[in-house]
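J.: Have a look at this one.
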2 protein chains.
Amino acid sequence: MEPTTLAYIAGFLDGDGSIFFQIIREKEKFRIRSSIAFYQKSNNSEILDWLKCQFGVGYIRHRKTGISDYTVVDSKEVFKILKLLQPYVRLKKKHVELGLEILQKMQNKDNFGEIYRLVDKFKDINYSKKRTITYETVSKFLPL
Amino acid sequence: MEPTTLAYIAGFLDGDGSIFFQIIREKEKFRIRSSIAFYQKSNNSEILDWLKCQFGVGYIRHRKTGISDYTVVDSKEVFKILKLLQPYVRLKKKHVELGLEILQKMQNKDNFGEIYRLVDKFKDINYSKKRTITYETVSKFLPL
């Protein structure tokens, strides 16, 4: 991809996109879901089709609210996209750096407790109010 | 400015910015105000400071709603900015083209009726619901 295409996408992400990590509970197990998402009014959603073509992964959803999103959740793909955008992102620089650290540790199957702690830290920089499962919850289930 | 910087700003504008024209009534006279604006949550407003540094014009406002904006209204400056971003903009390509046409006609002091008609056309592509003064209103005051 051209540097100006990547810089454009980085600007679009900074303007109206998001990067987030969620701790998903499946019975007694937890897993981490990473996401990179771009939003736009549904009547402008060709720009999301264009983004999907650029990366060749992910899916587009058209919400009843009139907002559409293009989202990638596969952690290896999210890693690749963040690596590509890293040199050009400004507003979400910290998100990209910390996101790459988390995804790298997930790929290396590093200590889960440490990864969950980083996910909590990520949520702090995202000012998330929706956080339900924190490291504190997870730690009760982790081996000592 | 670097091509990747311009491409980044074009992406930011497409993601979360706007270009608009307003017909302003001053007693029995009308004039056209052009604006290019970038928005962001006030706690991320450094990105707006950075944008202002890049262009060296315009002003930043911090709204009580927690949203800040960086806006340029001087028509010559708006023209320059649109010219710089034109090669990189995707979603707002039509806005930029039509905006440049209007601003060019304003600079040339072309037929006002024609300019007002283009401003109306611009509002149509912006899906503006706030339009109060249209070409129809203005035409009553124009010489035949």
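Letters A, B, ... mark the chains of the structure tokens in the order given; residue numbers begin at 1 per chain; ligand numbers begin at 1, in order shown.
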Show me, as CSV, the residues of chain A having an atom within 8 Å of chain B, each with the closest atom pair and its distance in Å, using only C-alpha atoms.

T.:
residue,atom,partner,partner_atom,distance
A:Pro3,CA,B:Thr4,CA,6.5
A:Thr4,CA,B:Thr4,CA,4.8
A:Thr5,CA,B:Ala7,CA,7.2
A:Ala7,CA,B:Tyr8,CA,4.6
A:Tyr8,CA,B:Gly11,CA,4.3
A:Ile9,CA,B:Gly11,CA,5.9
A:Ala10,CA,B:Tyr8,CA,6.3
A:Gly11,CA,B:Phe12,CA,4.2
A:Phe12,CA,B:Gly11,CA,4.2
A:Leu13,CA,B:Gly15,CA,7.2
A:Asp14,CA,B:Phe12,CA,6.5
A:Gly15,CA,B:Phe12,CA,4.7
A:Asp16,CA,B:Gly15,CA,4.9
A:Gly17,CA,B:Gly15,CA,7.8
A:Tyr39,CA,B:Gly15,CA,8.0
A:Gln40,CA,B:Gly15,CA,7.4
A:Asn44,CA,B:Leu91,CA,7.3
A:Ile47,CA,B:Leu91,CA,6.4
A:Tyr88,CA,B:Tyr8,CA,7.3
A:Arg90,CA,B:Ile47,CA,7.5
A:Leu91,CA,B:Ile47,CA,6.3

J.: For the selection you just gave me, I'd like the residues written to a file as an mmCIF file, in the first residue's frame, keeping C-alpha atoms.

T.:
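Below is the file part-v4.cif, written as the result:
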data_model
loop_
_atom_site.group_PDB
_atom_site.id
_atom_site.type_symbol
_atom_site.label_atom_id
_atom_site.label_comp_id
_atom_site.auth_asym_id
_atom_site.auth_seq_id
_atom_site.Cartn_x
_atom_site.Cartn_y
_atom_site.Cartn_z
ATOM 1 C CA PRO A 3 2.413 5.654 2.186
ATOM 2 C CA THR A 4 -0.246 8.290 1.419
ATOM 3 C CA THR A 5 -2.982 5.586 1.490
ATOM 4 C CA ALA A 7 -1.513 7.982 6.165
ATOM 5 C CA TYR A 8 -5.076 8.644 4.935
ATOM 6 C CA ILE A 9 -6.383 5.548 6.759
ATOM 7 C CA ALA A 10 -4.469 6.581 9.918
ATOM 8 C CA GLY A 11 -6.154 9.992 9.750
ATOM 9 C CA PHE A 12 -9.561 8.381 9.234
ATOM 10 C CA LEU A 13 -8.947 6.087 12.229
ATOM 11 C CA ASP A 14 -7.886 9.057 14.403
ATOM 12 C CA GLY A 15 -10.926 11.051 13.295
ATOM 13 C CA ASP A 16 -13.615 8.437 13.592
ATOM 14 C CA GLY A 17 -12.310 4.986 14.418
ATOM 15 C CA TYR A 39 -17.467 4.066 11.500
ATOM 16 C CA GLN A 40 -19.446 6.095 9.035
ATOM 17 C CA ASN A 44 -21.433 7.046 3.059
ATOM 18 C CA ILE A 47 -15.631 4.359 2.154
ATOM 19 C CA TYR A 88 1.192 7.699 10.578
ATOM 20 C CA ARG A 90 -1.127 10.685 15.811
ATOM 21 C CA LEU A 91 -4.087 10.803 18.177
#

J.: How would you write, as a ChimeraX atom specification, the set of residues in stretch 8-139 of chain B that DSSP gives as alpha helix (DSSP H)?

T.: /B:8-16,46-55,75-85,93-107,112-125,135-139

J.: Please dump the current selection as a short mmCIF file (atom, residue, chain, number, x, y, z; two decimals), in the first residue's frame; keep C-alpha atoms.

T.:
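Wrote it out as again-v6.cif, contents follow:
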data_model
loop_
_atom_site.label_atom_id
_atom_site.label_comp_id
_atom_site.auth_asym_id
_atom_site.auth_seq_id
_atom_site.Cartn_x
_atom_site.Cartn_y
_atom_site.Cartn_z
CA TYR B 8 -3.46 12.09 7.05
CA ILE B 9 -5.37 15.38 7.36
CA ALA B 10 -7.62 14.37 4.41
CA GLY B 11 -8.42 11.10 6.21
CA PHE B 12 -9.13 12.98 9.43
CA LEU B 13 -11.46 15.37 7.56
CA ASP B 14 -13.28 12.45 5.90
CA GLY B 15 -13.62 10.67 9.24
CA ASP B 16 -14.71 13.51 11.45
CA GLU B 46 -4.01 18.54 21.03
CA ILE B 47 -4.69 17.09 17.59
CA LEU B 48 -6.61 20.29 16.79
CA ASP B 49 -3.66 22.39 18.04
CA TRP B 50 -1.44 20.35 15.73
CA LEU B 51 -3.79 20.96 12.78
CA LYS B 52 -3.85 24.71 13.51
CA CYS B 53 -0.02 24.70 13.51
CA GLN B 54 0.02 22.99 10.10
CA PHE B 55 -2.18 25.62 8.47
CA SER B 75 -12.47 32.13 2.19
CA LYS B 76 -8.94 32.50 0.73
CA GLU B 77 -7.54 30.21 3.42
CA VAL B 78 -10.35 27.66 2.97
CA PHE B 79 -9.54 27.68 -0.76
CA LYS B 80 -5.83 27.02 -0.06
CA ILE B 81 -6.61 24.17 2.38
CA LEU B 82 -9.08 22.49 0.01
CA LYS B 83 -6.53 22.73 -2.82
CA LEU B 84 -3.90 21.04 -0.60
CA LEU B 85 -6.23 18.23 0.50
CA LYS B 93 -14.32 14.50 -2.98
CA LYS B 94 -17.53 16.10 -4.31
CA HIS B 95 -17.61 18.60 -1.43
CA VAL B 96 -14.03 19.68 -2.15
CA GLU B 97 -14.62 20.03 -5.91
CA LEU B 98 -17.83 22.00 -5.54
CA GLY B 99 -16.36 24.03 -2.64
CA LEU B 100 -13.39 25.06 -4.79
CA GLU B 101 -15.75 26.04 -7.62
CA ILE B 102 -17.80 28.26 -5.28
CA LEU B 103 -14.69 29.87 -3.73
CA GLN B 104 -13.18 30.48 -7.17
CA LYS B 105 -16.37 32.22 -8.30
CA MET B 106 -16.41 34.26 -5.08
CA GLN B 107 -12.81 35.39 -5.74
CA PHE B 112 -24.02 36.14 -7.27
CA GLY B 113 -27.15 34.28 -8.30
CA GLU B 114 -25.01 31.51 -9.78
CA ILE B 115 -22.89 31.34 -6.61
CA TYR B 116 -25.97 31.08 -4.38
CA ARG B 117 -27.32 28.30 -6.58
CA LEU B 118 -24.03 26.39 -6.13
CA VAL B 119 -24.21 26.94 -2.36
CA ASP B 120 -27.70 25.38 -2.43
CA LYS B 121 -26.30 22.44 -4.41
CA PHE B 122 -23.52 22.10 -1.83
CA LYS B 123 -26.05 21.96 0.97
CA ASP B 124 -27.82 19.16 -0.86
CA ILE B 125 -24.68 16.99 -0.88
CA TYR B 135 -31.38 30.57 -3.30
CA GLU B 136 -35.14 31.09 -3.45
CA THR B 137 -34.99 33.55 -0.51
CA VAL B 138 -31.96 35.33 -1.90
CA SER B 139 -33.30 35.58 -5.46
#

J.: Got a sec: who's within 10 Å of A:Asn43, counting only C-alpha atoms, leaving out chain neighbours fewer than 4 positions off, as number ranges by chain?

T.: A: 47, 62, 66-68

J.: Suppose we keep C-alpha atoms; can you now write the selection as an mmCIF file, in the first residue's frame?

T.:
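Dumped everything to selection.cif:
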data_model
loop_
_atom_site.group_PDB
_atom_site.id
_atom_site.type_symbol
_atom_site.label_atom_id
_atom_site.label_comp_id
_atom_site.auth_asym_id
_atom_site.auth_seq_id
_atom_site.Cartn_x
_atom_site.Cartn_y
_atom_site.Cartn_z
ATOM 1 C CA ILE A 47 -15.631 4.359 2.154
ATOM 2 C CA HIS A 62 -25.106 -1.680 8.737
ATOM 3 C CA GLY A 66 -27.961 4.661 10.328
ATOM 4 C CA ILE A 67 -24.333 4.054 11.252
ATOM 5 C CA SER A 68 -22.199 1.399 9.549
#

J.: Identify, with DSSP run on backbone atoms, the residues in chain A assigned to strand (DSSP E), and express the list as a VMD selection string.

T.: chain A and resid 17 to 26 29 to 41 59 to 62 67 to 72
